[in-house]
file run18.cif (mmCIF, C-alpha atoms and all ligand atoms)
data_target
loop_
_atom_site.label_atom_id
_atom_site.label_comp_id
_atom_site.auth_asym_id
_atom_site.auth_seq_id
_atom_site.Cartn_x
_atom_site.Cartn_y
_atom_site.Cartn_z
CA MET A 27 -33.01 59.84 -46.82
CA GLN A 28 -32.62 62.73 -44.41
CA SER A 29 -33.34 62.11 -40.73
CA ALA A 30 -35.31 64.61 -38.65
CA ASP A 31 -33.51 67.89 -37.90
CA LYS A 32 -33.50 67.19 -34.17
CA LEU A 33 -31.25 64.17 -34.75
CA MET A 34 -28.85 66.36 -36.71
CA LYS A 35 -28.68 68.75 -33.76
CA LEU A 36 -27.33 66.09 -31.40
CA PRO A 37 -23.63 66.50 -30.62
CA PRO A 38 -21.34 63.95 -32.30
CA TYR A 39 -21.23 60.64 -30.49
CA LEU A 40 -17.76 60.97 -29.02
CA PHE A 41 -17.60 57.47 -27.67
CA GLY A 42 -17.93 56.30 -31.30
CA ALA A 43 -14.25 56.97 -32.00
CA ILE A 44 -13.21 55.13 -28.85
CA ASN A 45 -15.52 52.23 -29.69
CA VAL A 46 -13.93 51.87 -33.13
CA LEU A 47 -10.46 51.77 -31.56
CA LYS A 48 -11.73 49.30 -28.96
CA GLN A 49 -13.18 47.04 -31.67
CA ASN A 50 -9.91 47.29 -33.62
CA ALA A 51 -8.01 46.22 -30.56
CA TYR A 52 -10.42 43.32 -29.88
CA SER A 53 -10.23 42.15 -33.49
CA LYS A 54 -6.42 42.04 -33.22
CA LYS A 55 -6.97 39.91 -30.09
CA LEU A 56 -5.34 42.61 -27.97
CA ASP A 57 -6.08 42.53 -24.29
CA VAL A 58 -8.35 45.55 -23.71
CA ILE A 59 -9.00 46.88 -20.20
CA ASP A 60 -12.34 48.59 -20.61
CA LEU A 61 -12.93 51.40 -18.12
CA GLY A 62 -14.99 53.39 -20.60
CA MET A 63 -18.68 52.84 -20.15
CA GLY A 64 -20.45 52.80 -16.77
CA ASN A 65 -21.62 49.27 -17.41
CA PRO A 66 -21.51 47.19 -14.19
CA ASP A 67 -19.44 44.02 -14.66
CA LEU A 68 -20.90 42.03 -11.77
CA PRO A 69 -24.03 39.90 -12.09
CA THR A 70 -27.46 40.74 -10.71
CA PRO A 71 -27.83 39.23 -7.19
CA PRO A 72 -29.19 35.64 -7.33
CA HIS A 73 -32.39 36.27 -5.34
CA ILE A 74 -33.46 38.85 -7.94
CA VAL A 75 -32.66 36.54 -10.85
CA GLU A 76 -34.56 33.71 -9.13
CA ARG A 77 -37.59 35.91 -8.68
CA LEU A 78 -37.64 36.62 -12.39
CA CYS A 79 -37.25 32.94 -13.33
CA ASP A 80 -39.97 31.87 -10.92
CA THR A 81 -42.37 34.53 -12.18
CA LEU A 82 -41.72 33.64 -15.81
CA LYS A 83 -42.30 29.93 -15.23
CA ASN A 84 -45.11 29.94 -12.73
CA HIS A 85 -47.09 33.12 -13.34
CA PRO A 86 -48.02 33.28 -17.02
CA ARG A 87 -50.43 36.13 -16.40
CA THR A 88 -47.35 38.34 -16.12
CA HIS A 89 -46.68 37.59 -19.81
CA ARG A 90 -49.53 39.91 -20.75
CA TYR A 91 -49.27 43.69 -21.24
CA PRO A 92 -48.11 45.35 -18.03
CA GLN A 93 -49.76 48.29 -16.30
CA ALA A 94 -48.02 51.22 -17.96
CA LYS A 95 -47.43 53.35 -14.87
CA GLY A 96 -46.15 50.37 -12.91
CA MET A 97 -48.07 47.64 -11.07
CA PRO A 98 -49.44 48.61 -7.63
CA LYS A 99 -47.06 46.21 -5.87
CA PHE A 100 -44.04 47.83 -7.54
CA ARG A 101 -45.18 51.38 -6.75
CA LYS A 102 -45.91 50.40 -3.13
CA SER A 103 -42.44 48.85 -2.76
CA VAL A 104 -40.85 52.03 -4.11
CA ALA A 105 -42.83 54.20 -1.67
CA GLU A 106 -41.89 51.94 1.25
CA TRP A 107 -38.22 51.89 0.23
CA TYR A 108 -38.25 55.70 0.03
CA LYS A 109 -39.76 55.99 3.48
CA LYS A 110 -37.22 53.60 4.97
CA ARG A 111 -34.20 54.95 3.12
CA PHE A 112 -34.92 58.70 3.05
CA ASP A 113 -37.88 59.20 5.39
CA VAL A 114 -39.79 60.76 2.48
CA ASP A 115 -43.53 60.07 2.22
CA LEU A 116 -44.86 59.17 -1.22
CA ASN A 117 -48.33 58.23 -2.36
CA PRO A 118 -47.81 55.08 -4.47
CA GLU A 119 -50.96 55.93 -6.42
CA ASN A 120 -49.79 59.15 -8.04
CA GLU A 121 -46.28 60.01 -6.81
CA VAL A 122 -44.44 56.99 -8.21
CA LEU A 123 -44.00 56.00 -11.85
CA ALA A 124 -42.14 52.95 -13.18
CA LEU A 125 -39.65 53.61 -15.99
CA VAL A 126 -37.93 51.53 -18.66
CA GLY A 127 -34.67 52.60 -17.04
CA SER A 128 -34.18 56.14 -15.76
CA LYS A 129 -32.62 57.23 -19.07
CA GLU A 130 -35.97 56.65 -20.78
CA GLY A 131 -37.78 58.65 -18.12
CA ILE A 132 -35.35 61.58 -18.31
CA ALA A 133 -35.59 61.78 -22.11
CA HIS A 134 -39.38 61.58 -22.03
CA MET A 135 -39.56 64.13 -19.22
CA CYS A 136 -37.99 66.61 -21.67
CA MET A 137 -40.54 65.71 -24.31
CA ALA A 138 -43.39 66.00 -21.83
CA TYR A 139 -42.42 69.55 -20.87
CA LEU A 140 -40.41 71.29 -23.55
CA ASN A 141 -41.86 73.02 -26.58
CA PRO A 142 -39.48 73.95 -29.41
CA GLY A 143 -37.25 76.75 -28.15
CA ASP A 144 -38.06 76.22 -24.46
CA LEU A 145 -35.12 76.52 -22.15
CA ALA A 146 -33.70 73.88 -19.81
CA LEU A 147 -30.89 74.42 -17.31
CA VAL A 148 -28.40 71.60 -17.73
CA PRO A 149 -25.15 71.04 -15.86
CA ASN A 150 -22.00 70.80 -17.96
CA PRO A 151 -20.46 68.22 -17.74
CA ALA A 152 -23.45 65.90 -17.32
CA TYR A 153 -24.75 62.43 -18.02
CA PRO A 154 -25.42 62.92 -21.75
CA VAL A 155 -29.18 62.30 -21.74
CA HIS A 156 -29.58 65.41 -19.58
CA PHE A 157 -28.64 67.56 -22.59
CA ASN A 158 -29.48 65.19 -25.43
CA GLY A 159 -33.00 64.73 -24.05
CA VAL A 160 -33.46 68.50 -24.24
CA ILE A 161 -32.19 68.64 -27.82
CA LEU A 162 -34.38 65.72 -28.91
CA ALA A 163 -37.40 67.49 -27.44
CA GLY A 164 -36.56 70.57 -29.54
CA GLY A 165 -35.58 72.57 -26.46
CA GLU A 166 -32.53 74.66 -25.79
CA ALA A 167 -30.01 73.61 -23.15
CA TYR A 168 -28.46 76.44 -21.11
CA ASP A 169 -25.16 75.21 -19.65
CA ILE A 170 -24.63 75.57 -15.95
CA PRO A 171 -20.91 74.90 -15.48
CA LEU A 172 -19.78 72.42 -12.87
CA LEU A 173 -16.34 73.63 -11.86
CA GLU A 174 -13.79 71.81 -9.76
CA LYS A 175 -13.17 74.94 -7.67
CA ASN A 176 -16.87 74.93 -6.65
CA GLY A 177 -16.87 71.24 -5.78
CA TYR A 178 -18.71 70.68 -9.08
CA LEU A 179 -21.86 72.32 -7.70
CA PRO A 180 -23.52 74.89 -9.97
CA ASP A 181 -23.37 78.51 -8.88
CA LEU A 182 -27.04 79.48 -9.10
CA THR A 183 -26.20 83.16 -8.58
CA LYS A 184 -24.36 83.14 -11.91
CA ILE A 185 -27.50 82.23 -13.86
CA PRO A 186 -28.77 85.48 -15.43
CA GLN A 187 -32.23 86.45 -14.26
CA LYS A 188 -33.58 86.49 -17.81
CA VAL A 189 -32.37 82.94 -18.33
CA ALA A 190 -33.88 81.77 -15.04
CA GLN A 191 -37.18 83.42 -15.96
CA ARG A 192 -37.24 81.60 -19.29
CA ALA A 193 -36.16 78.21 -17.95
CA LYS A 194 -38.84 75.59 -17.58
CA ILE A 195 -36.91 72.65 -16.25
CA MET A 196 -33.58 71.98 -14.58
CA PHE A 197 -31.46 68.86 -14.21
CA LEU A 198 -29.25 67.99 -11.26
CA ASN A 199 -27.44 64.81 -10.29
CA TYR A 200 -25.70 64.11 -6.95
CA PRO A 201 -23.80 61.84 -6.45
CA ASN A 202 -22.71 63.12 -9.83
CA ASN A 203 -21.80 61.37 -13.03
CA PRO A 204 -19.19 62.07 -14.36
CA THR A 205 -17.51 64.26 -11.69
CA THR A 206 -18.30 61.94 -8.72
CA ALA A 207 -19.15 65.05 -6.64
CA VAL A 208 -21.57 64.75 -3.73
CA VAL A 209 -23.54 67.27 -1.70
CA LYS A 210 -21.98 67.49 1.77
CA ASP A 211 -25.26 68.50 3.43
CA MET A 212 -28.65 69.87 2.40
CA THR A 213 -27.51 73.49 1.90
CA PHE A 214 -27.22 73.31 -1.87
CA PHE A 215 -30.51 71.44 -2.32
CA LYS A 216 -32.22 74.08 -0.15
CA GLU A 217 -30.85 76.82 -2.40
CA VAL A 218 -32.15 74.91 -5.40
CA VAL A 219 -35.65 74.68 -3.94
CA GLU A 220 -35.67 78.43 -3.23
CA PHE A 221 -34.37 79.22 -6.73
CA ALA A 222 -36.84 76.87 -8.44
CA ARG A 223 -39.79 78.26 -6.49
CA LYS A 224 -38.80 81.82 -7.29
CA TYR A 225 -38.57 81.19 -11.03
CA GLU A 226 -41.15 78.37 -11.27
CA ILE A 227 -38.73 75.81 -12.61
CA ILE A 228 -39.28 72.05 -12.42
CA VAL A 229 -36.32 70.34 -10.76
CA CYS A 230 -35.40 66.88 -12.02
CA HIS A 231 -32.92 65.34 -9.64
CA ASP A 232 -31.20 62.23 -10.96
CA ASN A 233 -30.28 60.05 -7.98
CA ALA A 234 -28.98 57.04 -9.92
CA TYR A 235 -25.95 56.66 -7.61
CA SER A 236 -27.61 57.26 -4.23
CA GLU A 237 -26.65 53.79 -2.99
CA LEU A 238 -23.07 53.71 -4.25
CA CYS A 239 -21.42 55.74 -1.49
CA PHE A 240 -18.16 55.12 0.38
CA ASP A 241 -16.49 55.91 3.71
CA ASP A 242 -19.71 56.41 5.71
CA TYR A 243 -21.06 58.98 3.26
CA VAL A 244 -24.83 58.57 2.82
CA ALA A 245 -26.39 60.35 -0.14
CA PRO A 246 -29.61 62.24 0.60
CA SER A 247 -32.74 62.54 -1.48
CA PHE A 248 -33.49 65.95 -2.95
CA LEU A 249 -37.06 65.39 -1.77
CA GLN A 250 -35.91 65.55 1.86
CA VAL A 251 -35.81 69.35 1.61
CA PRO A 252 -39.08 70.88 2.83
CA GLY A 253 -40.96 72.16 -0.21
CA ALA A 254 -38.93 70.11 -2.73
CA LYS A 255 -41.93 68.01 -3.64
CA ASP A 256 -43.79 71.18 -4.66
CA ILE A 257 -41.37 71.76 -7.53
CA GLY A 258 -39.47 68.56 -8.14
CA VAL A 259 -39.15 64.93 -9.01
CA GLU A 260 -36.34 62.44 -8.47
CA PHE A 261 -35.16 59.69 -10.80
CA HIS A 262 -33.75 56.34 -9.67
CA SER A 263 -32.26 53.37 -11.39
CA PHE A 264 -31.88 49.66 -10.58
CA SER A 265 -28.96 49.50 -13.04
CA LYS A 266 -26.18 50.46 -10.66
CA THR A 267 -27.62 49.61 -7.23
CA TYR A 268 -28.51 46.03 -8.15
CA ASN A 269 -26.35 45.45 -11.26
CA MET A 270 -29.49 45.37 -13.42
CA ALA A 271 -28.35 47.63 -16.27
CA GLY A 272 -29.63 45.28 -18.98
CA TRP A 273 -33.01 44.73 -17.35
CA ARG A 274 -34.16 48.31 -18.02
CA LEU A 275 -35.88 49.23 -14.79
CA GLY A 276 -36.04 52.55 -13.01
CA PHE A 277 -38.57 54.89 -11.46
CA VAL A 278 -39.36 58.52 -10.86
CA VAL A 279 -41.05 59.90 -7.77
CA GLY A 280 -42.26 63.28 -6.56
CA ASN A 281 -44.86 65.87 -7.36
CA SER A 282 -47.97 64.17 -8.77
CA ASP A 283 -48.92 67.10 -11.03
CA ILE A 284 -45.42 67.18 -12.50
CA LEU A 285 -45.53 63.42 -13.12
CA LYS A 286 -48.92 63.48 -14.87
CA PRO A 287 -47.73 64.72 -18.31
CA LEU A 288 -44.86 62.21 -18.23
CA GLU A 289 -47.28 59.40 -17.43
CA LYS A 290 -49.57 60.61 -20.22
CA LEU A 291 -46.76 60.78 -22.78
CA LYS A 292 -45.51 57.32 -21.82
CA SER A 293 -48.98 55.83 -22.06
CA TYR A 294 -49.01 56.86 -25.73
CA LEU A 295 -45.52 55.50 -26.39
CA ASP A 296 -44.91 52.33 -24.38
CA TYR A 297 -46.64 49.78 -22.20
CA GLY A 298 -44.23 50.23 -19.37
CA VAL A 299 -41.94 47.59 -17.93
CA PHE A 300 -42.50 43.81 -18.30
CA THR A 301 -44.41 42.74 -15.16
CA ALA A 302 -41.93 39.96 -14.36
CA ILE A 303 -39.13 42.54 -14.29
CA GLN A 304 -41.17 44.84 -12.06
CA LEU A 305 -41.62 41.91 -9.64
CA ALA A 306 -37.87 41.29 -9.73
CA GLY A 307 -37.52 44.98 -8.84
CA VAL A 308 -39.85 44.42 -5.88
CA ALA A 309 -37.58 41.55 -4.77
CA ALA A 310 -34.60 43.91 -5.06
CA LEU A 311 -36.17 46.70 -2.98
CA THR A 312 -37.83 44.54 -0.33
CA GLY A 313 -35.15 41.83 0.02
CA SER A 314 -31.96 41.94 2.03
CA GLN A 315 -29.76 44.90 1.11
CA ASP A 316 -26.58 42.95 1.88
CA CYS A 317 -25.97 42.64 -1.87
CA VAL A 318 -25.76 46.45 -2.08
CA LYS A 319 -23.30 46.55 0.84
CA GLU A 320 -21.16 43.91 -0.87
CA LEU A 321 -21.21 45.86 -4.12
CA VAL A 322 -20.15 49.07 -2.37
CA THR A 323 -17.34 47.19 -0.61
CA CYS A 324 -16.18 45.83 -3.96
CA TYR A 325 -16.16 49.26 -5.64
CA ALA A 326 -14.42 50.81 -2.63
CA LYS A 327 -11.69 48.16 -2.81
CA ARG A 328 -11.19 48.76 -6.54
CA ARG A 329 -11.20 52.52 -5.99
CA ASP A 330 -8.54 52.33 -3.26
CA LYS A 331 -6.31 49.99 -5.22
CA PHE A 332 -6.56 52.01 -8.43
CA VAL A 333 -6.27 55.47 -6.87
CA GLU A 334 -3.28 54.49 -4.76
CA GLY A 335 -1.59 52.81 -7.72
CA LEU A 336 -2.15 55.83 -9.97
CA ARG A 337 -0.80 58.21 -7.34
CA LYS A 338 2.32 56.07 -6.99
CA ILE A 339 3.06 56.42 -10.70
CA GLY A 340 2.58 60.18 -10.54
CA TRP A 341 -1.03 60.63 -11.63
CA ASN A 342 -2.64 62.39 -8.72
CA VAL A 343 -6.28 61.36 -9.06
CA PRO A 344 -8.92 62.33 -6.48
CA LYS A 345 -10.58 59.62 -4.39
CA PRO A 346 -14.35 59.76 -4.90
CA GLN A 347 -16.86 59.47 -2.07
CA ALA A 348 -19.51 57.98 -4.31
CA THR A 349 -20.37 56.50 -7.74
CA MET A 350 -18.35 53.84 -9.55
CA TYR A 351 -16.00 56.21 -11.36
CA LEU A 352 -12.75 58.10 -11.04
CA TRP A 353 -12.85 61.61 -12.54
CA THR A 354 -9.50 63.20 -13.01
CA SER A 355 -7.66 65.84 -14.99
CA LEU A 356 -5.22 64.51 -17.56
CA PRO A 357 -1.72 63.55 -16.40
CA ASP A 358 0.65 66.58 -16.36
CA LYS A 359 2.43 65.53 -19.55
CA PHE A 360 -0.85 65.50 -21.48
CA LYS A 361 -2.56 68.56 -20.04
CA HIS A 362 -2.34 70.37 -23.38
CA MET A 363 -4.32 67.64 -25.16
CA PRO A 364 -8.06 67.52 -25.76
CA SER A 365 -9.55 64.63 -23.76
CA LEU A 366 -10.69 62.71 -26.83
CA GLN A 367 -7.18 62.75 -28.30
CA PHE A 368 -5.77 61.57 -24.99
CA ALA A 369 -8.32 58.75 -24.74
CA GLU A 370 -7.54 57.68 -28.31
CA LEU A 371 -3.82 57.69 -27.64
CA LEU A 372 -4.33 55.75 -24.42
CA ILE A 373 -6.25 52.90 -26.00
CA GLN A 374 -3.83 52.71 -28.92
CA LYS A 375 -0.74 52.63 -26.75
CA THR A 376 -1.97 50.73 -23.68
CA GLY A 377 -5.21 48.95 -24.58
CA ILE A 378 -6.97 50.85 -21.76
CA ALA A 379 -10.30 52.41 -22.72
CA VAL A 380 -11.50 55.46 -20.73
CA ALA A 381 -14.28 57.99 -21.32
CA PRO A 382 -12.99 61.37 -22.54
CA GLY A 383 -14.46 64.21 -20.48
CA ILE A 384 -15.65 66.05 -23.58
CA GLY A 385 -18.26 63.32 -24.05
CA PHE A 386 -20.06 64.81 -21.03
CA GLY A 387 -19.82 68.42 -22.18
CA THR A 388 -17.31 71.13 -23.03
CA TYR A 389 -16.48 71.82 -19.37
CA GLY A 390 -15.33 68.21 -19.10
CA ASP A 391 -12.62 68.47 -21.72
CA ALA A 392 -9.67 68.70 -19.34
CA TYR A 393 -10.69 65.41 -17.69
CA VAL A 394 -11.23 61.70 -18.22
CA ARG A 395 -13.58 59.32 -16.46
CA MET A 396 -12.54 55.80 -15.57
CA ALA A 397 -15.25 53.32 -14.59
CA LEU A 398 -14.39 50.76 -11.92
CA VAL A 399 -16.12 48.01 -13.86
CA THR A 400 -13.51 45.40 -14.49
CA HIS A 401 -12.22 42.49 -12.43
CA ASP A 402 -10.25 43.50 -9.32
CA ASN A 403 -7.07 41.89 -10.70
CA ARG A 404 -7.13 44.05 -13.81
CA PHE A 405 -6.36 47.29 -11.97
CA HIS A 406 -2.83 46.11 -11.18
CA ASP A 407 -2.35 45.39 -14.87
CA ALA A 408 -3.74 48.80 -15.78
CA ILE A 409 -1.27 50.51 -13.44
CA LEU A 410 1.69 48.67 -14.99
CA ARG A 411 0.62 49.67 -18.48
CA LEU A 412 0.03 53.28 -17.44
CA LYS A 413 3.39 53.46 -15.67
CA LYS A 414 5.13 52.50 -18.92
CA PHE A 415 2.97 54.90 -20.93
CA LEU A 416 3.62 57.87 -18.62
CA LYS A 417 7.37 57.20 -18.56
CA LYS A 418 7.74 57.35 -22.36
C1 LIG A 501 -26.54 59.90 -13.81
C2 LIG A 501 -27.19 58.76 -14.53
N1 LIG A 501 -28.51 58.75 -14.66
C3 LIG A 501 -29.14 57.77 -15.30
C4 LIG A 501 -28.44 56.72 -15.86
C5 LIG A 501 -29.19 55.68 -16.64
O1 LIG A 501 -29.66 54.67 -15.86
P1 LIG A 501 -30.66 53.61 -16.43
O2 LIG A 501 -29.87 52.40 -16.73
O3 LIG A 501 -31.65 53.40 -15.32
O4 LIG A 501 -31.33 54.15 -17.66
C6 LIG A 501 -27.06 56.68 -15.75
C7 LIG A 501 -26.30 55.59 -16.38
O5 LIG A 501 -25.11 55.59 -16.48
C8 LIG A 501 -26.42 57.73 -15.07
O6 LIG A 501 -25.09 57.77 -14.95
#
call {"tool": "encode", "arguments": {"input": "run18.cif", "output": "structure tokens"}}
result
Amino acid sequence: MQSADKLMKLPPYLFGAINVLKQNAYSKKLDVIDLGMGNPDLPTPPHIVERLCDTLKNHPRTHRYPQAKGMPKFRKSVAEWYKKRFDVDLNPENEVLALVGSKEGIAHMCMAYLNPGDLALVPNPAYPVHFNGVILAGGEAYDIPLLEKNGYLPDLTKIPQKVAQRAKIMFLNYPNNPTTAVVKDMTFFKEVVEFARKYEIIVCHDNAYSELCFDDYVAPSFLQVPGAKDIGVEFHSFSKTYNMAGWRLGFVVGNSDILKPLEKLKSYLDYGVFTAIQLAGVAALTGSQDCVKELVTCYAKRRDKFVEGLRKIGWNVPKPQATMYLWTSLPDKFKHMPSLQFAELLIQKTGIAVAPGIGFGTYGDAYVRMALVTHDNRFHDAILRLKKFLKK
């Protein structure tokens, strides 16, 4: 049986090779240090778990079909959180939409807007659904390179006018996965708003890491720029902020007309998020945010320990201001190697799994991403293994 052409057009799943090697290592009972996937290792904060348990036990009405666009209480909590966190006003009625995780929303956003052959501007490297969503929708992704020398911000002036005129939608993501880049101030977002207005492009800003910032850096919302809401929407996730990756809960906010087709498409495909999970999301947004502070402190500690250790053994990795990753070029000795080959060699020789940069796009191939998602004690172990590996 032949699958649909659009599935054939997807790039090869590059983490597949790493996963096979990882499984091989596990089956040989080798001690794997898994820094590959951005899968938070810490549990969801107890007050959120308790809210879910209580709802499940004591409120059986929540066991019925949920309201597809999100229950009013959830949408109101999102709007209030946005006001408090970013000072952005949102109408919970039509400017907030619940998502089965932000990945779902991003993929469906592409389907809601792109006809076969339509053009989307997609950063390279990027979180894979930003380009795979375009391909699955039958669209064409135009790469906007994120280069180290530009602080991993796209150079909008390099986008040919004809391309900009054809583009319908554009993805952005700061704090950025995989590069960990952040916007220093609102200058770049302002340029984006001007560019998007000029060419009538919908801006989809993915703000999944807005709460995972270090050293007094506070990530802004794209919607803080005057006029941004005329052309854009912003995606958020509970996965990283509240360690709820398995719960599948996210949301998108912004221009109500832009959200309408997404809401329509979703209403034909899914029933939205289980009500009990939405209520747990309300507990997350309205409860104490100390759990987020603790999480940030934990990632910062891991980051410092790992970065300093790597630098000591001669791998000069940058210290990120946000996200839960390190993004670094390959060690000097391995600079000639494609990132997938390096990642394969690394897991075979050291038992350390990392994400090869090529998995995020061709412009990522000189890099690897290491997720800070293993127990604090494991980073010391990782350094010892890497020291031996780099010496050989
Ligand atoms: C930039 C970015 N956006 C979205 C997601 C997906 O989040 P969710 O779990 O809400 O689907 C991720 C997950 O790694 C991500 O890195």
call {"tool": "residues_near_ligand", "arguments": {"input": "run18.cif", "ligand": "ligand LIG 501 (chain A)", "cutoff": "8 Å", "atoms": "all atoms listed in the file", "output": "PyMOL selection string"}}
result
chain A and resi 63-65+126-132+152-153+155+199+202-204+232-235+261-266+270-272+274-276
call {"tool": "atom_distance", "arguments": {"input": "run18.cif", "atom1": "CA of Glu119 (chain A)", "atom2": "CA of Arg101 (chain A)"}}
result
7.4 Å
call {"tool": "closest_residue", "arguments": {"input": "run18.cif", "among": "A:Lys35, A:Thr323, A:Val58, A:Pro180", "to": "Val380 (chain A)", "atoms": "all atoms listed in the file"}}
result
A:Val58
call {"tool": "closest_atom_pairs", "arguments": {"input": "run18.cif", "of": "region 216-303 of chain A", "to": "region 347-361 of chain A", "cutoff": "6 Å", "atoms": "all atoms listed in the file", "output": "JSON lines"}}
result
{"residue": "A:Tyr235", "atom": "CA", "partner": "A:Thr349", "partner_atom": "CA", "distance": 5.6}
{"residue": "A:Leu238", "atom": "CA", "partner": "A:Thr349", "partner_atom": "CA", "distance": 5.2}
{"residue": "A:Cys239", "atom": "CA", "partner": "A:Ala348", "partner_atom": "CA", "distance": 4.1}
{"residue": "A:Phe240", "atom": "CA", "partner": "A:Gln347", "partner_atom": "CA", "distance": 5.2}
call {"tool": "atom_distance", "arguments": {"input": "run18.cif", "atom1": "CA of Val122 (chain A)", "atom2": "CA of Ser236 (chain A)"}}
result
17.3 Å
call {"tool": "atom_distance", "arguments": {"input": "run18.cif", "atom1": "CA of Ser314 (chain A)", "atom2": "CA of Thr400 (chain A)"}}
result
25.0 Å
call {"tool": "residues_around", "arguments": {"input": "run18.cif", "residues": "Tyr91 (chain A)", "least_positions_apart": "3", "cutoff": "8 Å", "atoms": "all atoms listed in the file", "output": "MDAnalysis selection string"}}
result
chainID A and resid 88 297 300:301
call {"tool": "closest_residue", "arguments": {"input": "run18.cif", "among": "A:Leu249, A:Ile161, A:Ile339, A:Met363", "to": "Lys32 (chain A)", "atoms": "all atoms listed in the file"}}
result
A:Ile161
call {"tool": "closest_residue", "arguments": {"input": "run18.cif", "among": "A:Phe332, A:Tyr52, A:Tyr39, A:Phe221", "to": "Ala379 (chain A)", "atoms": "all atoms listed in the file"}}
result
A:Tyr52
call {"tool": "residues_near_point", "arguments": {"input": "run18.cif", "point": "(-28.3, 76.1, -17.0)", "cutoff": "12 Å", "atoms": "all atoms listed in the file", "output": "ChimeraX atom specification"}}
result
/A:145-152,156-157,160,166-172,179-198,227,229
call {"tool": "write_last_selection", "arguments": {"input": "run18.cif", "atoms": "C-alpha atoms", "output": "mmCIF file, keeping the file's coordinate frame"}}
result
data_model
loop_
_atom_site.group_PDB
_atom_site.id
_atom_site.type_symbol
_atom_site.label_atom_id
_atom_site.label_comp_id
_atom_site.auth_asym_id
_atom_site.auth_seq_id
_atom_site.Cartn_x
_atom_site.Cartn_y
_atom_site.Cartn_z
ATOM 1 C CA LEU A 145 -35.120 76.520 -22.150
ATOM 2 C CA ALA A 146 -33.700 73.880 -19.810
ATOM 3 C CA LEU A 147 -30.890 74.420 -17.310
ATOM 4 C CA VAL A 148 -28.400 71.600 -17.730
ATOM 5 C CA PRO A 149 -25.150 71.040 -15.860
ATOM 6 C CA ASN A 150 -22.000 70.800 -17.960
ATOM 7 C CA PRO A 151 -20.460 68.220 -17.740
ATOM 8 C CA ALA A 152 -23.450 65.900 -17.320
ATOM 9 C CA HIS A 156 -29.580 65.410 -19.580
ATOM 10 C CA PHE A 157 -28.640 67.560 -22.590
ATOM 11 C CA VAL A 160 -33.460 68.500 -24.240
ATOM 12 C CA GLU A 166 -32.530 74.660 -25.790
ATOM 13 C CA ALA A 167 -30.010 73.610 -23.150
ATOM 14 C CA TYR A 168 -28.460 76.440 -21.110
ATOM 15 C CA ASP A 169 -25.160 75.210 -19.650
ATOM 16 C CA ILE A 170 -24.630 75.570 -15.950
ATOM 17 C CA PRO A 171 -20.910 74.900 -15.480
ATOM 18 C CA LEU A 172 -19.780 72.420 -12.870
ATOM 19 C CA LEU A 179 -21.860 72.320 -7.700
ATOM 20 C CA PRO A 180 -23.520 74.890 -9.970
ATOM 21 C CA ASP A 181 -23.370 78.510 -8.880
ATOM 22 C CA LEU A 182 -27.040 79.480 -9.100
ATOM 23 C CA THR A 183 -26.200 83.160 -8.580
ATOM 24 C CA LYS A 184 -24.360 83.140 -11.910
ATOM 25 C CA ILE A 185 -27.500 82.230 -13.860
ATOM 26 C CA PRO A 186 -28.770 85.480 -15.430
ATOM 27 C CA GLN A 187 -32.230 86.450 -14.260
ATOM 28 C CA LYS A 188 -33.580 86.490 -17.810
ATOM 29 C CA VAL A 189 -32.370 82.940 -18.330
ATOM 30 C CA ALA A 190 -33.880 81.770 -15.040
ATOM 31 C CA GLN A 191 -37.180 83.420 -15.960
ATOM 32 C CA ARG A 192 -37.240 81.600 -19.290
ATOM 33 C CA ALA A 193 -36.160 78.210 -17.950
ATOM 34 C CA LYS A 194 -38.840 75.590 -17.580
ATOM 35 C CA ILE A 195 -36.910 72.650 -16.250
ATOM 36 C CA MET A 196 -33.580 71.980 -14.580
ATOM 37 C CA PHE A 197 -31.460 68.860 -14.210
ATOM 38 C CA LEU A 198 -29.250 67.990 -11.260
ATOM 39 C CA ILE A 227 -38.730 75.810 -12.610
ATOM 40 C CA VAL A 229 -36.320 70.340 -10.760
#
call {"tool": "closest_residue", "arguments": {"input": "run18.cif", "among": "A:Asp80, A:Glu174, A:Asp402, A:Glu370", "to": "Ile303 (chain A)", "atoms": "all atoms listed in the file"}}
result
A:Asp80
call {"tool": "residues_around", "arguments": {"input": "run18.cif", "residues": "Leu123 (chain A)", "least_positions_apart": "4", "cutoff": "10 Å", "atoms": "only C-alpha atoms", "output": "list in words"}}
result
Ala94, Lys95, Gly96, Met97, Phe100, Arg101, Val104, Pro118, Glu119, Gly131, Phe261, Gly276, Phe277, Val278, Val279, Gly280, Ser282, Leu285, Lys286, Leu288, Glu289 and Gly298 of chain A
call {"tool": "residues_around", "arguments": {"input": "run18.cif", "residues": "region 410-414 of chain A", "least_positions_apart": "5", "cutoff": "12 Å", "atoms": "all atoms listed in the file", "output": "count of residues only"}}
result
24
call {"tool": "closest_residue", "arguments": {"input": "run18.cif", "among": "A:Asp60, A:Glu76, A:Glu217, A:Asp31", "to": "Ala306 (chain A)", "atoms": "all atoms listed in the file"}}
result
A:Glu76
call {"tool": "residues_near_point", "arguments": {"input": "run18.cif", "point": "(-37.8, 38.0, -17.4)", "cutoff": "7 Å", "atoms": "only C-alpha atoms", "output": "list in words"}}
result
Leu78, Cys79, Leu82, Ala302 and Ile303 of chain A
